[in-house]
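Asks: Encoded as structure tokens, here's the structure I'll be asking about.
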2 protein chains.
Amino acid sequence: MEDLAVPAPLSGGFTYLVAASQTLGLAVILVLGAWMGVYRGGIAWESSELQFNVHPLCMVVGMVFLQGDALLVYRVFRNESKRSTKILHGLLHALALVIALVGLIAVFEYHKKKSFPNMYSLHSWCGIAAFSFYVLQWLLGLVFFLCPGVSFSVRSRYKPHHMFFGVFLFILSLATALLGILELLLFKIRDSYSAFVPEGVLANILGLLLVAFGAVLAYILTRDEWQRPPLAEELALSMDFKTLTEGDSPAASH
Amino acid sequence: MEDLAVPAPLSGGFTYLVAASQTLGLAVILVLGAWMGVYRGGIAWESSELQFNVHPLCMVVGMVFLQGDALLVYRVFRNESKRSTKILHGLLHALALVIALVGLIAVFEYHKKKSFPNMYSLHSWCGIAAFSFYVLQWLLGLVFFLCPGVSFSVRSRYKPHHMFFGVFLFILSLATALLGILELLLFKIRDSYSAFVPEGVLANILGLLLVAFGAVLAYILTRDEWQRPPLAEELALSMDFKTLTEGDSPAASH
């Protein structure tokens, strides 16, 4: 049993891909910041024009960068205790939710000041769906995985669905970000966009960086060989559980 | 060994989800057809206006519906021979590529007739990336999995990457379709879109149907318990191979 509990060595690709994902994530935030700063006048909460620019920044930092990194923690912190990793996962998602909420308030307040209608575009429909389900997923995760009363068997059955919907919501958030980029460009530089002006090219590059960030993250998350190995105490616990119930394999523990 | 070759029974959810995916896929095509027919004047190749409408129809039928269904065949036709399933998979992707090519020609010809510039928007950047990598992925698949000279070991090592990039390209195609919907709406009904006119609401619903089609398909494709079981001859073959090389597990055969 002790042999099983020794963490399997990771192939070299893992470290490079995690580094690539973080580089891409930071590049996304920098390019978005440059777009808002250089071409859209910067950000300011107490402004009828610049309050809008808080929206893309907060949504991308929360719903893309932090949400994405929260999905990575089980694979990156593979040798830390499961409980600490779980709390870090929950806290990163909580931080993402709070930052995204600020981004949502910014755009609704901006629309109110300008008397613009809300919630009519495909970007807003996808965005509100992603945010609502993200709140729901966070609450379900809290109940199933952090409440002490929930049995190992219930957790094991919910876990694959939690993981699938986590990746689904991350991809939906990315798609919503792409829609947001295109919507902003067609509202602000519709006539010059087709002349390949620098703002349009920069925003398109931002879109491709977002796709690349999502692709590298999804690749890291879906490699079977990079799954977090079960720790000694989890193996012991799940072996006991298995003896008692003849339930699932130890690898299904959460 | 014969016991292992008996197909495992599928849980009831599989059939319902496959039915749901096909219903959603057909709903996508019908709603898109209704949008083009009722609000955009129908389709016609020999027309300076209506040739554009060939583009969304062909791209969605090819790059979304047929590409998606091609990914499903290994799980749906689990009891057919691997070779027939492989050929069906390749043919569906080939059909998808030809239909998508017609859709691409339509939009480039339309732009030429109207003297509109090409390839400046985020939709076009994502779309051309998805189409180019899709052609490349198809060619690599043909060489690796249908050329008789390629060894079992090389196929086994390429297979997980082929599967990952297949799902990635499907999702990128879906995101490109969402961008296309928003771009068309902001070009055609920018001023009335915010008044929730029927065309805008219909096109937004089309976007949500595309997301739902992608979600159901991705769910079916990522459930471990619905993986295609290896057939008797594949098991025999891979057992022989394993004895010879101490290579991968039989489940990794393609």
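Ligands are numbered from 1 in the order shown, residues from 1 within each chain, and chains are lettered A, B, ... in the order they appear in the structure tokens.
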Per residue of chain B within 7 Å of chain A, what are the shortest atom pair and its distance in Å to one decimal, counting only C-alpha atoms, with rows by chain and residue number, as CSV?

Replies:
residue,atom,partner,partner_atom,distance
B:Pro117,CA,A:Ser194,CA,6.3
B:Tyr120,CA,A:Ser194,CA,5.5
B:Leu122,CA,A:Asn204,CA,5.1
B:Ala175,CA,A:Ala175,CA,5.7
B:Leu179,CA,A:Leu179,CA,5.8
B:Leu182,CA,A:Leu122,CA,6.5
B:Tyr193,CA,A:Tyr120,CA,7.0
B:Ser194,CA,A:Tyr120,CA,5.4
B:Phe196,CA,A:Tyr120,CA,6.1
B:Asn204,CA,A:Leu122,CA,5.1
B:Gly207,CA,A:Leu122,CA,7.0

Asks: Would you put the residues from that selection into a file with N, CA and C atoms, as a PDB file, in the first residue's frame?

Replies:
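Output file result.pdb is given in full below:
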ATOM      1  N   PRO B 117     -14.185  43.445 -47.865  1.00  0.00           N
ATOM      2  CA  PRO B 117     -12.898  42.807 -47.514  1.00  0.00           C
ATOM      3  C   PRO B 117     -13.119  41.460 -46.811  1.00  0.00           C
ATOM      4  N   TYR B 120     -11.105  39.816 -41.805  1.00  0.00           N
ATOM      5  CA  TYR B 120     -10.679  40.799 -40.810  1.00  0.00           C
ATOM      6  C   TYR B 120     -11.296  40.560 -39.434  1.00  0.00           C
ATOM      7  N   LEU B 122     -12.948  38.554 -35.979  1.00  0.00           N
ATOM      8  CA  LEU B 122     -12.596  37.441 -35.087  1.00  0.00           C
ATOM      9  C   LEU B 122     -13.292  36.156 -35.537  1.00  0.00           C
ATOM     10  N   ALA B 175     -17.894  27.573 -31.276  1.00  0.00           N
ATOM     11  CA  ALA B 175     -17.662  28.957 -30.855  1.00  0.00           C
ATOM     12  C   ALA B 175     -17.667  29.886 -32.071  1.00  0.00           C
ATOM     13  N   LEU B 179     -20.029  33.175 -32.907  1.00  0.00           N
ATOM     14  CA  LEU B 179     -19.501  34.466 -33.380  1.00  0.00           C
ATOM     15  C   LEU B 179     -20.175  34.878 -34.684  1.00  0.00           C
ATOM     16  N   LEU B 182     -23.708  36.294 -34.007  1.00  0.00           N
ATOM     17  CA  LEU B 182     -23.672  37.658 -33.459  1.00  0.00           C
ATOM     18  C   LEU B 182     -23.238  38.663 -34.522  1.00  0.00           C
ATOM     19  N   TYR B 193     -32.041  45.081 -32.775  1.00  0.00           N
ATOM     20  CA  TYR B 193     -31.667  43.903 -31.963  1.00  0.00           C
ATOM     21  C   TYR B 193     -32.008  44.160 -30.489  1.00  0.00           C
ATOM     22  N   SER B 194     -31.689  45.383 -30.011  1.00  0.00           N
ATOM     23  CA  SER B 194     -31.883  45.677 -28.589  1.00  0.00           C
ATOM     24  C   SER B 194     -33.358  45.825 -28.223  1.00  0.00           C
ATOM     25  N   PHE B 196     -35.474  43.502 -28.837  1.00  0.00           N
ATOM     26  CA  PHE B 196     -35.946  42.109 -28.776  1.00  0.00           C
ATOM     27  C   PHE B 196     -36.861  41.757 -29.954  1.00  0.00           C
ATOM     28  N   ASN B 204     -30.708  34.210 -31.174  1.00  0.00           N
ATOM     29  CA  ASN B 204     -30.143  33.908 -29.851  1.00  0.00           C
ATOM     30  C   ASN B 204     -30.507  32.486 -29.419  1.00  0.00           C
ATOM     31  N   GLY B 207     -28.312  30.120 -30.973  1.00  0.00           N
ATOM     32  CA  GLY B 207     -27.032  30.064 -30.257  1.00  0.00           C
ATOM     33  C   GLY B 207     -27.104  29.124 -29.060  1.00  0.00           C
TER      34      GLY B 207
END

Asks: Within 10 Å of B:Thr15, counting only C-alpha atoms, which residues qualify if same-chain residues fewer than 5 places away don't, as a list in words?

Replies: Leu10, Ala20, Ser21, Val76 and Ile220 of chain B

Asks: Keeping only N, CA and C atoms, take the residues you just selected and write them out as a PDB file, in the first residue's frame.

Replies:
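Result went into selection-v7.pdb, see below:
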ATOM      1  N   LEU B  10     -25.219  -1.105 -22.006  1.00  0.00           N
ATOM      2  CA  LEU B  10     -25.143   0.336 -21.792  1.00  0.00           C
ATOM      3  C   LEU B  10     -26.229   0.753 -20.816  1.00  0.00           C
ATOM      4  N   ALA B  20     -31.291  12.759 -27.740  1.00  0.00           N
ATOM      5  CA  ALA B  20     -31.346  14.200 -27.443  1.00  0.00           C
ATOM      6  C   ALA B  20     -30.368  14.967 -28.326  1.00  0.00           C
ATOM      7  N   SER B  21     -29.151  14.408 -28.520  1.00  0.00           N
ATOM      8  CA  SER B  21     -28.156  15.109 -29.338  1.00  0.00           C
ATOM      9  C   SER B  21     -28.653  15.262 -30.774  1.00  0.00           C
ATOM     10  N   VAL B  76     -21.691   4.973 -30.727  1.00  0.00           N
ATOM     11  CA  VAL B  76     -23.037   4.553 -31.154  1.00  0.00           C
ATOM     12  C   VAL B  76     -22.980   3.185 -31.849  1.00  0.00           C
ATOM     13  N   ILE B 220     -21.589  12.756 -23.825  1.00  0.00           N
ATOM     14  CA  ILE B 220     -21.565  11.369 -24.327  1.00  0.00           C
ATOM     15  C   ILE B 220     -20.124  10.931 -24.594  1.00  0.00           C
TER      16      ILE B 220
END

Asks: Find the residues around stretch 108-112 of chain B up to 12 Å (only C-alpha atoms counted), leave out those fewer than 2 positions away in its own chain, and share them as a compact mmCIF listing (two decimals) with C-alpha atoms, in the first residue's frame.

Replies:
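What follows is the written file out-v8.txt:
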# COMPACT_ATOMS: atom_id res chain seq x y z
CA SER A 194 -12.53 45.79 -41.99
CA ALA B 44 -29.62 31.06 -53.98
CA TRP B 45 -26.13 30.53 -55.41
CA GLU B 46 -26.59 32.82 -58.44
CA SER B 47 -27.46 35.95 -56.49
CA SER B 48 -25.40 38.79 -55.10
CA GLU B 49 -27.48 38.90 -51.89
CA LEU B 50 -28.70 35.39 -51.18
CA GLN B 51 -25.43 33.57 -51.90
CA PHE B 52 -24.26 34.70 -48.46
CA ASN B 53 -27.00 32.61 -46.81
CA VAL B 54 -25.41 29.42 -48.18
CA HIS B 55 -22.48 30.14 -45.84
CA LEU B 101 -15.77 24.09 -48.34
CA VAL B 102 -18.92 24.98 -50.32
CA GLY B 103 -19.91 27.28 -47.43
CA LEU B 104 -16.50 28.96 -47.52
CA ILE B 105 -16.62 29.45 -51.31
CA ALA B 106 -20.08 31.00 -50.91
CA LYS B 114 -19.93 43.10 -53.08
CA SER B 115 -16.25 44.21 -52.88
CA PHE B 116 -16.27 43.52 -49.14
CA PRO B 117 -12.90 42.81 -47.51
CA ASN B 118 -12.15 39.28 -46.30
CA MET B 119 -10.70 37.79 -43.14
CA SER B 124 -13.22 34.73 -39.76
CA ILE B 128 -10.21 29.72 -40.90

Asks: Which residue gives the smallest distance to A:Leu57 among A:Leu88, A:Leu184, A:Leu221, A:Ile43, with only C-alpha atoms counted?

Replies: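 The answer is A:Ile43, which sits nearest to A:Leu57.
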
Asks: Just the residues within 12 Å of B:Ala34, please, counting only C-alpha atoms, with nothing from its chain fewer than 3 positions along; format it as a list in words.

Replies: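 That gives Ala27, Val28, Ile29, Leu30, Val31, Gly37, Val38, Tyr39, Arg40, Gly41, Gly42, Ile43, Asn53, Leu57, Pro198, Glu199, Leu202, Ala203 and Leu206 of chain B.
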
Asks: What are the DSSP alpha helix (DSSP H) residues of stretch 22-177 of chain A, as JSON, numbers by chain?

Replies: {"A": [22, 23, 24, 25, 26, 27, 28, 29, 30, 31, 32, 33, 34, 54, 55, 56, 57, 58, 59, 67, 68, 69, 70, 71, 72, 73, 74, 75, 76, 82, 83, 84, 85, 86, 87, 88, 89, 90, 91, 92, 93, 94, 95, 96, 97, 98, 99, 100, 101, 102, 103, 104, 105, 106, 107, 108, 109, 110, 111, 112, 113, 114, 122, 123, 124, 125, 126, 127, 128, 129, 130, 131, 132, 133, 134, 135, 136, 137, 138, 139, 140, 141, 152, 153, 154, 155, 156, 157, 158, 159, 160, 161, 162, 163, 164, 165, 166, 167, 168, 169, 170, 171, 172, 173, 174, 175, 176, 177]}

Asks: Counting only C-alpha atoms, what is within 8 Å of B:Ala100, bar same-chain residues fewer than 4 positions away, as a ChimeraX atom specification?

Replies: /B:58-59,61-63,96,104
